[in-house]
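Note: the block below is upload-v3.cif and it holds mmCIF, C-alpha atoms.
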data_upload
#
loop_
_atom_site.group_PDB
_atom_site.id
_atom_site.type_symbol
_atom_site.label_atom_id
_atom_site.label_comp_id
_atom_site.auth_asym_id
_atom_site.auth_seq_id
_atom_site.Cartn_x
_atom_site.Cartn_y
_atom_site.Cartn_z
ATOM 1 C CA MET C 25 51.316 49.638 -43.925
ATOM 2 C CA GLU C 26 47.893 50.337 -45.399
ATOM 3 C CA ILE C 27 45.295 47.770 -44.335
ATOM 4 C CA LYS C 28 42.097 47.522 -46.343
ATOM 5 C CA ILE C 29 39.091 45.375 -45.418
ATOM 6 C CA ARG C 30 36.585 44.541 -48.149
ATOM 7 C CA ARG C 31 34.095 41.856 -49.104
ATOM 8 C CA LEU C 32 35.147 38.680 -50.889
ATOM 9 C CA ASN C 33 34.859 38.868 -54.686
ATOM 10 C CA SER C 34 35.186 36.392 -57.558
ATOM 11 C CA ASP C 35 38.901 37.124 -58.056
ATOM 12 C CA ASP C 36 39.776 36.064 -54.505
ATOM 13 C CA PRO C 37 39.419 32.251 -54.247
ATOM 14 C CA ALA C 38 42.518 31.360 -56.311
ATOM 15 C CA ILE C 39 44.571 34.148 -54.693
ATOM 16 C CA ILE C 40 43.632 32.973 -51.197
ATOM 17 C CA GLU C 41 44.354 29.324 -52.019
ATOM 18 C CA ASP C 42 47.811 30.238 -53.374
ATOM 19 C CA ALA C 43 48.650 32.452 -50.388
ATOM 20 C CA PHE C 44 47.851 29.722 -47.874
ATOM 21 C CA ARG C 45 49.596 27.050 -49.962
ATOM 22 C CA GLU C 46 52.789 29.141 -49.774
ATOM 23 C CA GLN C 47 52.739 28.792 -45.980
ATOM 24 C CA GLY C 48 51.894 25.086 -46.127
ATOM 25 C CA TRP C 49 48.180 25.273 -45.333
ATOM 26 C CA HIS C 50 45.410 23.643 -47.366
ATOM 27 C CA LYS C 51 42.659 26.179 -48.077
ATOM 28 C CA PRO C 52 41.120 25.136 -51.416
ATOM 29 C CA ALA C 53 39.657 27.724 -53.780
ATOM 30 C CA GLU C 54 36.394 25.738 -53.726
ATOM 31 C CA LEU C 55 35.904 26.717 -50.075
ATOM 32 C CA PHE C 56 35.993 30.404 -50.983
ATOM 33 C CA GLU C 57 33.812 29.839 -54.032
ATOM 34 C CA ARG C 58 31.235 28.344 -51.640
ATOM 35 C CA TYR C 59 31.687 31.317 -49.294
ATOM 36 C CA LEU C 60 31.096 33.654 -52.250
ATOM 37 C CA ALA C 61 27.917 31.793 -53.258
ATOM 38 C CA GLU C 62 26.686 31.945 -49.647
ATOM 39 C CA GLN C 63 27.529 35.657 -49.533
ATOM 40 C CA GLU C 64 25.550 36.258 -52.728
ATOM 41 C CA ALA C 65 22.628 34.309 -51.196
ATOM 42 C CA GLY C 66 22.729 36.488 -48.059
ATOM 43 C CA LEU C 67 23.800 33.644 -45.750
ATOM 44 C CA ARG C 68 27.276 34.934 -44.943
ATOM 45 C CA VAL C 69 29.614 37.887 -45.395
ATOM 46 C CA THR C 70 33.265 37.042 -46.001
ATOM 47 C CA LEU C 71 35.717 39.843 -45.367
ATOM 48 C CA VAL C 72 39.145 39.990 -46.989
ATOM 49 C CA ALA C 73 42.104 41.894 -45.529
ATOM 50 C CA GLU C 74 44.771 43.357 -47.775
ATOM 51 C CA ALA C 75 48.041 44.832 -46.553
ATOM 52 C CA ASP C 76 49.577 47.227 -49.060
ATOM 53 C CA GLY C 77 47.488 45.553 -51.763
ATOM 54 C CA ALA C 78 48.517 41.969 -50.911
ATOM 55 C CA PHE C 79 46.103 39.370 -49.537
ATOM 56 C CA ALA C 80 46.688 39.105 -45.777
ATOM 57 C CA GLY C 81 43.710 37.301 -44.256
ATOM 58 C CA TYR C 82 39.959 36.791 -44.115
ATOM 59 C CA GLY C 83 37.042 36.074 -41.825
ATOM 60 C CA SER C 84 33.320 35.420 -42.162
ATOM 61 C CA VAL C 85 30.070 36.368 -40.495
ATOM 62 C CA ILE C 86 27.463 33.609 -40.638
ATOM 63 C CA TRP C 87 23.955 34.965 -40.189
ATOM 64 C CA GLN C 88 22.315 31.610 -39.286
ATOM 65 C CA PRO C 89 25.051 29.648 -37.488
ATOM 66 C CA ASP C 90 25.073 25.876 -37.110
ATOM 67 C CA TYR C 91 25.744 26.204 -33.359
ATOM 68 C CA PRO C 92 22.215 25.721 -31.929
ATOM 69 C CA PRO C 93 22.331 28.307 -29.093
ATOM 70 C CA PHE C 94 23.451 31.040 -31.513
ATOM 71 C CA ARG C 95 20.877 30.017 -34.107
ATOM 72 C CA GLU C 96 18.046 29.894 -31.524
ATOM 73 C CA GLN C 97 18.939 33.363 -30.194
ATOM 74 C CA SER C 98 19.650 34.874 -33.653
ATOM 75 C CA ILE C 99 23.274 35.589 -32.729
ATOM 76 C CA PRO C 100 25.440 35.886 -35.859
ATOM 77 C CA GLU C 101 28.756 34.039 -35.633
ATOM 78 C CA ILE C 102 32.182 35.299 -36.620
ATOM 79 C CA SER C 103 33.841 32.273 -38.179
ATOM 80 C CA ASP C 104 37.006 31.050 -39.870
ATOM 81 C CA LEU C 105 39.175 34.068 -39.029
ATOM 82 C CA ASN C 106 42.632 33.511 -40.530
ATOM 83 C CA VAL C 107 45.599 35.821 -41.059
ATOM 84 C CA LEU C 108 48.674 34.683 -42.969
ATOM 85 C CA ILE C 109 51.583 34.028 -40.606
ATOM 86 C CA ARG C 110 53.768 36.706 -42.190
ATOM 87 C CA PHE C 111 51.081 39.342 -41.513
ATOM 88 C CA ARG C 112 50.357 38.453 -37.890
ATOM 89 C CA LYS C 113 50.910 40.847 -34.974
ATOM 90 C CA GLN C 114 50.161 43.834 -37.212
ATOM 91 C CA GLY C 115 46.548 44.451 -36.199
ATOM 92 C CA ILE C 116 44.974 42.709 -39.181
ATOM 93 C CA ALA C 117 42.891 40.231 -37.166
ATOM 94 C CA SER C 118 41.641 43.121 -35.025
ATOM 95 C CA ARG C 119 40.656 45.075 -38.120
ATOM 96 C CA LEU C 120 38.801 42.035 -39.490
ATOM 97 C CA MET C 121 37.028 41.677 -36.134
ATOM 98 C CA ASP C 122 36.142 45.395 -36.095
ATOM 99 C CA ARG C 123 34.536 45.142 -39.510
ATOM 100 C CA ALA C 124 32.768 41.857 -38.697
ATOM 101 C CA GLU C 125 31.310 43.405 -35.539
ATOM 102 C CA GLN C 126 30.178 46.453 -37.556
ATOM 103 C CA GLU C 127 28.403 44.167 -40.029
ATOM 104 C CA ILE C 128 26.735 42.273 -37.177
ATOM 105 C CA ALA C 129 25.714 45.451 -35.294
ATOM 106 C CA GLU C 130 23.548 46.430 -38.268
ATOM 107 C CA ARG C 131 21.367 43.356 -37.601
ATOM 108 C CA SER C 132 21.962 42.171 -34.024
ATOM 109 C CA SER C 133 22.935 43.404 -30.573
ATOM 110 C CA SER C 134 25.220 40.399 -29.959
ATOM 111 C CA ALA C 135 28.057 38.636 -31.750
ATOM 112 C CA GLY C 136 29.220 35.071 -31.243
ATOM 113 C CA ILE C 137 32.469 33.278 -31.966
ATOM 114 C CA GLY C 138 33.945 29.837 -31.342
ATOM 115 C CA VAL C 139 37.580 29.382 -30.395
ATOM 116 C CA GLY C 140 39.795 26.316 -30.361
ATOM 117 C CA LEU C 141 41.275 25.244 -27.055
ATOM 118 C CA PHE C 142 44.857 24.197 -27.660
ATOM 119 C CA ALA C 143 47.963 26.368 -27.846
ATOM 120 C CA ASP C 144 47.674 27.127 -31.579
ATOM 121 C CA TYR C 145 44.604 29.209 -30.673
ATOM 122 C CA GLY C 146 46.265 31.040 -27.772
ATOM 123 C CA GLN C 147 46.560 34.411 -29.501
ATOM 124 C CA ALA C 148 42.942 34.232 -30.678
ATOM 125 C CA GLN C 149 41.772 33.336 -27.157
ATOM 126 C CA ILE C 150 43.578 36.363 -25.736
ATOM 127 C CA MET C 151 42.306 38.711 -28.446
ATOM 128 C CA TYR C 152 38.672 37.654 -28.007
ATOM 129 C CA VAL C 153 38.783 38.141 -24.226
ATOM 130 C CA LYS C 154 40.421 41.563 -24.630
ATOM 131 C CA ARG C 155 37.639 42.495 -27.072
ATOM 132 C CA GLY C 156 34.994 41.670 -24.463
ATOM 133 C CA TYR C 157 33.915 38.180 -25.493
ATOM 134 C CA VAL C 158 32.855 35.882 -22.649
ATOM 135 C CA PRO C 159 31.978 32.168 -22.621
ATOM 136 C CA ASP C 160 28.315 31.494 -23.330
ATOM 137 C CA GLY C 161 28.123 29.120 -20.354
ATOM 138 C CA ARG C 162 27.417 25.938 -22.298
ATOM 139 C CA GLY C 163 30.838 24.349 -21.907
ATOM 140 C CA LEU C 164 32.860 22.629 -24.589
ATOM 141 C CA TYR C 165 31.699 21.387 -27.962
ATOM 142 C CA MET C 166 33.264 18.856 -30.295
ATOM 143 C CA GLY C 167 31.766 19.614 -33.669
ATOM 144 C CA ASP C 168 28.034 19.824 -32.983
ATOM 145 C CA ARG C 169 28.162 17.742 -29.778
ATOM 146 C CA GLN C 170 28.164 19.292 -26.319
ATOM 147 C CA LEU C 171 30.733 17.448 -24.222
ATOM 148 C CA GLN C 172 29.791 15.871 -20.931
ATOM 149 C CA TYR C 173 31.787 14.954 -17.842
ATOM 150 C CA GLY C 174 33.844 11.813 -18.541
ATOM 151 C CA ASP C 175 33.777 12.081 -22.341
ATOM 152 C CA ASN C 176 36.940 10.895 -24.060
ATOM 153 C CA ILE C 177 37.923 13.042 -27.024
ATOM 154 C CA THR C 178 40.804 13.817 -29.325
ATOM 155 C CA VAL C 179 41.905 17.410 -28.946
ATOM 156 C CA ASP C 180 41.853 18.958 -32.414
ATOM 157 C CA ASP C 181 40.446 21.953 -34.300
ATOM 158 C CA ASP C 182 36.875 20.788 -33.631
ATOM 159 C CA LEU C 183 37.175 21.205 -29.834
ATOM 160 C CA VAL C 184 35.605 24.625 -29.284
ATOM 161 C CA LEU C 185 34.416 27.000 -26.581
ATOM 162 C CA TYR C 186 31.766 29.457 -27.781
ATOM 163 C CA LEU C 187 31.854 33.082 -26.686
ATOM 164 C CA THR C 188 29.491 36.035 -27.025
ATOM 165 C CA LYS C 189 29.770 39.801 -26.857
ATOM 166 C CA LYS C 190 27.118 42.489 -26.474
ATOM 167 C CA LEU C 191 27.627 45.089 -29.177
ATOM 168 C CA SER C 192 27.024 48.817 -28.837
ATOM 169 C CA VAL C 193 24.230 49.631 -31.219
#
Whole structure, structure tokens version:
Amino acid sequence: MEIKIRRLNSDDPAIIEDAFREQGWHKPAELFERYLAEQEAGLRVTLVAEADGAFAGYGSVIWQPDYPPFREQSIPEISDLNVLIRFRKQGIASRLMDRAEQEIAERSSSAGIGVGLFADYGQAQIMYVKRGYVPDGRGLYMGDRQLQYGDNITVDDDLVLYLTKKLSV
């Protein structure tokens, strides 16, 4: 299988929406149109993976992340990494990560990423640790709120642990 990683272009939003709809996920074209506008404004880079010419996944690098510790330390964040289920376990997420880290290394010596904490994120958790990412030491976040001892929360996609990695420059 030939895997190609490239930047998001104007043809992609509808293709991505359709691909995720086929597997029962809601990823509206408007999201990727916003990503494209942010890419054109220099705020983000969105990478698209193709496997033998078919859309397989995507991920973004956000240059000024919302997560305050990353923003304060000028650590770009790899965000919203998704590979279609039928293309998983074929190295596509790793290739997206490789390219994202290359993009970041041109501007920073560190990369950041947030990962969900329930079983659906298990493979991502393992991959990030194997790639050298370590927790940033600030504990858990729910959205933009740092959790404290005794907090009651609903475990969902917004419960995140942030990780960082020093990049070879």
**Picked residues, the PyMOL selection byres ((chain C and resi 150-159) around 8), as a list of chain:residue names** = C:Ser118, C:Gly146, C:Gln147, C:Ala148, C:Gln149, C:Asp160, C:Gly161, C:Arg162, C:Gly163, C:Leu185, C:Tyr186, C:Leu187, C:Thr188, C:Lys189
Selected residues written out with C-alpha atoms, as a CSV table (one decimal), in the coordinates of the input:
chain,number,residue,atom,x,y,z
C,118,SER,CA,41.6,43.1,-35.0
C,146,GLY,CA,46.3,31.0,-27.8
C,147,GLN,CA,46.6,34.4,-29.5
C,148,ALA,CA,42.9,34.2,-30.7
C,149,GLN,CA,41.8,33.3,-27.2
C,160,ASP,CA,28.3,31.5,-23.3
C,161,GLY,CA,28.1,29.1,-20.4
C,162,ARG,CA,27.4,25.9,-22.3
C,163,GLY,CA,30.8,24.3,-21.9
C,185,LEU,CA,34.4,27.0,-26.6
C,186,TYR,CA,31.8,29.5,-27.8
C,187,LEU,CA,31.9,33.1,-26.7
C,188,THR,CA,29.5,36.0,-27.0
C,189,LYS,CA,29.8,39.8,-26.9
**Request:** To one decimal in Å, tell me the separation between CA of Arg112 in chain C and CA of Ala73 in chain C.
**Result:**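 Going from CA of Arg112 in chain C over to CA of Ala73 in chain C covers 11.8 Å.
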**Request:** Check which residues satisfy the PyMOL selection byres ((chain C and resi 72) around 7) in the file shown, then give them as a list in words.
**Result:**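 For this structure, the PyMOL selection byres ((chain C and resi 72) around 7) captures Ile29, Arg30, Arg31, Leu32, Thr70, Leu71, Ala73, Glu74, Gly81, Tyr82 and Gly83 of chain C.
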Output file for the residues above (C-alpha atoms, as a PDB file, keeping the file's coordinate frame):
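Now in out.pdb:
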ATOM      1  CA  ILE C  29      39.091  45.375 -45.418  1.00  0.00           C
ATOM      2  CA  ARG C  30      36.585  44.541 -48.149  1.00  0.00           C
ATOM      3  CA  ARG C  31      34.095  41.856 -49.104  1.00  0.00           C
ATOM      4  CA  LEU C  32      35.147  38.680 -50.889  1.00  0.00           C
ATOM      5  CA  THR C  70      33.265  37.042 -46.001  1.00  0.00           C
ATOM      6  CA  LEU C  71      35.717  39.843 -45.367  1.00  0.00           C
ATOM      7  CA  ALA C  73      42.104  41.894 -45.529  1.00  0.00           C
ATOM      8  CA  GLU C  74      44.771  43.357 -47.775  1.00  0.00           C
ATOM      9  CA  GLY C  81      43.710  37.301 -44.256  1.00  0.00           C
ATOM     10  CA  TYR C  82      39.959  36.791 -44.115  1.00  0.00           C
ATOM     11  CA  GLY C  83      37.042  36.074 -41.825  1.00  0.00           C
TER      12      GLY C  83
END
Residues matched by the PyMOL selection byres ((chain C and resi 34) around 9), written as a short mmCIF file (atom, residue, chain, number, x, y, z; two decimals) with C-alpha atoms, keeping the file's coordinate frame:
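Written file, part21.cif:
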data_model
loop_
_atom_site.label_atom_id
_atom_site.label_comp_id
_atom_site.auth_asym_id
_atom_site.auth_seq_id
_atom_site.Cartn_x
_atom_site.Cartn_y
_atom_site.Cartn_z
CA LEU C 32 35.15 38.68 -50.89
CA ASN C 33 34.86 38.87 -54.69
CA ASP C 35 38.90 37.12 -58.06
CA ASP C 36 39.78 36.06 -54.50
CA PRO C 37 39.42 32.25 -54.25
CA ALA C 38 42.52 31.36 -56.31
CA PHE C 56 35.99 30.40 -50.98
CA GLU C 57 33.81 29.84 -54.03
CA LEU C 60 31.10 33.65 -52.25
#
**Fill in**
Between CA of Pro100 in chain C and CA of Gln88 in chain C lies a distance of 6.3 Å
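In this model, the gap between CA of Glu64 in chain C and CA of Ile128 in chain C comes to 16.7 Å.
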Around all the atoms of range 77-91 of chain C listed in the file, draw an axis-aligned box and extend it by 5 Å on each of the six sides; I want its centre and edge lengths in Å to one decimal, as lines of an AutoDock Vina configuration file.
center_x = 35.4
center_y = 35.7
center_z = -42.6
size_x = 36.2
size_y = 29.7
size_z = 28.4
**Request:** Name the closest residue to Asp90 in chain C among the candidates C:Ile137, C:Ala143, C:Ala78, C:Leu164; distances are taken between atoms, counting all atoms listed in the file.
**Result:**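 Among C:Ile137, C:Ala143, C:Ala78, C:Leu164, it is C:Ile137 that comes nearest to Asp90 in chain C.
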**Message:** Calculated over only C-alpha atoms, which of the candidates C:Ile109, C:Leu191, C:Val139, C:Leu67 has the smallest distance to Gly167 in chain C?
**Reply:** C:Val139
**Item:** Option closest in space to Leu120 in chain C, from C:Ser84, C:Gln47, C:Ser133, C:Ser98 [counting only C-alpha atoms]
**Value:**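 Nearest candidate to Leu120 in chain C out of C:Ser84, C:Gln47, C:Ser133, C:Ser98: C:Ser84.
Residues in contact range of Ile27 in chain C, defined as at most 9 Å between only C-alpha atoms, with sequence neighbours fewer than 3 positions away removed, read C:Ala73, C:Glu74, C:Ala75, C:Asp76, C:Gly77, C:Ala80, C:Gly115, C:Ile116, C:Arg119.
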N, CA and C atoms are what I want for range 131-163 of chain C; can you complete it accordingly and write them as an mmCIF file, in the frame of the given file?
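File rebuild39.cif, as written:
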data_model
loop_
_atom_site.group_PDB
_atom_site.id
_atom_site.type_symbol
_atom_site.label_atom_id
_atom_site.label_comp_id
_atom_site.auth_asym_id
_atom_site.auth_seq_id
_atom_site.Cartn_x
_atom_site.Cartn_y
_atom_site.Cartn_z
ATOM 1 N N ARG C 131 22.479 44.315 -37.638
ATOM 2 C CA ARG C 131 21.367 43.356 -37.601
ATOM 3 C C ARG C 131 21.125 42.730 -36.237
ATOM 4 N N SER C 132 22.073 42.865 -35.308
ATOM 5 C CA SER C 132 21.962 42.171 -34.024
ATOM 6 C C SER C 132 22.686 42.959 -32.937
ATOM 7 N N SER C 133 22.267 42.741 -31.698
ATOM 8 C CA SER C 133 22.935 43.404 -30.573
ATOM 9 C C SER C 133 24.031 42.536 -29.963
ATOM 10 N N SER C 134 24.195 41.313 -30.477
ATOM 11 C CA SER C 134 25.220 40.399 -29.959
ATOM 12 C C SER C 134 25.969 39.726 -31.099
ATOM 13 N N ALA C 135 27.225 39.400 -30.819
ATOM 14 C CA ALA C 135 28.057 38.636 -31.750
ATOM 15 C C ALA C 135 28.530 37.384 -31.036
ATOM 16 N N GLY C 136 28.698 36.312 -31.792
ATOM 17 C CA GLY C 136 29.220 35.071 -31.243
ATOM 18 C C GLY C 136 30.459 34.637 -31.997
ATOM 19 N N ILE C 137 31.265 33.820 -31.330
ATOM 20 C CA ILE C 137 32.469 33.278 -31.966
ATOM 21 C C ILE C 137 32.849 31.998 -31.229
ATOM 22 N N GLY C 138 33.418 31.048 -31.958
ATOM 23 C CA GLY C 138 33.945 29.837 -31.342
ATOM 24 C C GLY C 138 35.453 29.867 -31.427
ATOM 25 N N VAL C 139 36.114 29.378 -30.388
ATOM 26 C CA VAL C 139 37.580 29.382 -30.395
ATOM 27 C C VAL C 139 38.100 28.008 -29.987
ATOM 28 N N GLY C 140 39.136 27.575 -30.688
ATOM 29 C CA GLY C 140 39.795 26.316 -30.361
ATOM 30 C C GLY C 140 40.496 26.415 -29.015
ATOM 31 N N LEU C 141 40.808 25.255 -28.436
ATOM 32 C CA LEU C 141 41.275 25.244 -27.055
ATOM 33 C C LEU C 141 42.692 24.753 -26.840
ATOM 34 N N PHE C 142 43.459 24.544 -27.899
ATOM 35 C CA PHE C 142 44.857 24.197 -27.660
ATOM 36 C C PHE C 142 45.735 25.378 -28.024
ATOM 37 N N ALA C 143 47.036 25.236 -27.790
ATOM 38 C CA ALA C 143 47.963 26.368 -27.846
ATOM 39 C C ALA C 143 47.972 27.114 -29.173
ATOM 40 N N ASP C 144 47.701 26.439 -30.286
ATOM 41 C CA ASP C 144 47.674 27.127 -31.579
ATOM 42 C C ASP C 144 46.652 28.263 -31.598
ATOM 43 N N TYR C 145 45.654 28.191 -30.743
ATOM 44 C CA TYR C 145 44.604 29.209 -30.673
ATOM 45 C C TYR C 145 44.844 30.223 -29.555
ATOM 46 N N GLY C 146 45.991 30.164 -28.909
ATOM 47 C CA GLY C 146 46.265 31.040 -27.772
ATOM 48 C C GLY C 146 46.102 32.518 -28.064
ATOM 49 N N GLN C 147 46.665 32.985 -29.170
ATOM 50 C CA GLN C 147 46.560 34.411 -29.501
ATOM 51 C C GLN C 147 45.109 34.808 -29.769
ATOM 52 N N ALA C 148 44.360 33.943 -30.434
ATOM 53 C CA ALA C 148 42.942 34.232 -30.678
ATOM 54 C C ALA C 148 42.179 34.286 -29.357
ATOM 55 N N GLN C 149 42.446 33.344 -28.453
ATOM 56 C CA GLN C 149 41.772 33.336 -27.157
ATOM 57 C C GLN C 149 41.995 34.657 -26.431
ATOM 58 N N ILE C 150 43.238 35.109 -26.416
ATOM 59 C CA ILE C 150 43.578 36.363 -25.736
ATOM 60 C C ILE C 150 42.875 37.543 -26.407
ATOM 61 N N MET C 151 42.931 37.599 -27.730
ATOM 62 C CA MET C 151 42.306 38.711 -28.446
ATOM 63 C C MET C 151 40.804 38.775 -28.168
ATOM 64 N N TYR C 152 40.117 37.643 -28.200
ATOM 65 C CA TYR C 152 38.672 37.654 -28.007
ATOM 66 C C TYR C 152 38.311 38.134 -26.602
ATOM 67 N N VAL C 153 39.048 37.689 -25.595
ATOM 68 C CA VAL C 153 38.783 38.141 -24.226
ATOM 69 C C VAL C 153 39.032 39.645 -24.112
ATOM 70 N N LYS C 154 40.129 40.124 -24.677
ATOM 71 C CA LYS C 154 40.421 41.563 -24.630
ATOM 72 C C LYS C 154 39.350 42.380 -25.342
ATOM 73 N N ARG C 155 38.696 41.798 -26.329
ATOM 74 C CA ARG C 155 37.639 42.495 -27.072
ATOM 75 C C ARG C 155 36.288 42.418 -26.363
ATOM 76 N N GLY C 156 36.228 41.719 -25.235
ATOM 77 C CA GLY C 156 34.994 41.670 -24.463
ATOM 78 C C GLY C 156 34.140 40.433 -24.653
ATOM 79 N N TYR C 157 34.659 39.425 -25.323
ATOM 80 C CA TYR C 157 33.915 38.180 -25.493
ATOM 81 C C TYR C 157 34.018 37.351 -24.222
ATOM 82 N N VAL C 158 32.892 36.735 -23.835
ATOM 83 C CA VAL C 158 32.855 35.882 -22.649
ATOM 84 C C VAL C 158 32.220 34.544 -23.026
ATOM 85 N N PRO C 159 32.583 33.470 -22.322
ATOM 86 C CA PRO C 159 31.978 32.168 -22.621
ATOM 87 C C PRO C 159 30.454 32.232 -22.500
ATOM 88 N N ASP C 160 29.779 31.476 -23.347
ATOM 89 C CA ASP C 160 28.315 31.494 -23.330
ATOM 90 C C ASP C 160 27.733 30.588 -22.246
ATOM 91 N N GLY C 161 28.585 29.907 -21.488
ATOM 92 C CA GLY C 161 28.123 29.120 -20.354
ATOM 93 C C GLY C 161 27.665 27.715 -20.684
ATOM 94 N N ARG C 162 27.873 27.273 -21.904
ATOM 95 C CA ARG C 162 27.417 25.938 -22.298
ATOM 96 C C ARG C 162 28.548 24.912 -22.368
ATOM 97 N N GLY C 163 29.732 25.291 -21.936
ATOM 98 C CA GLY C 163 30.838 24.349 -21.907
ATOM 99 C C GLY C 163 31.454 24.102 -23.268
#
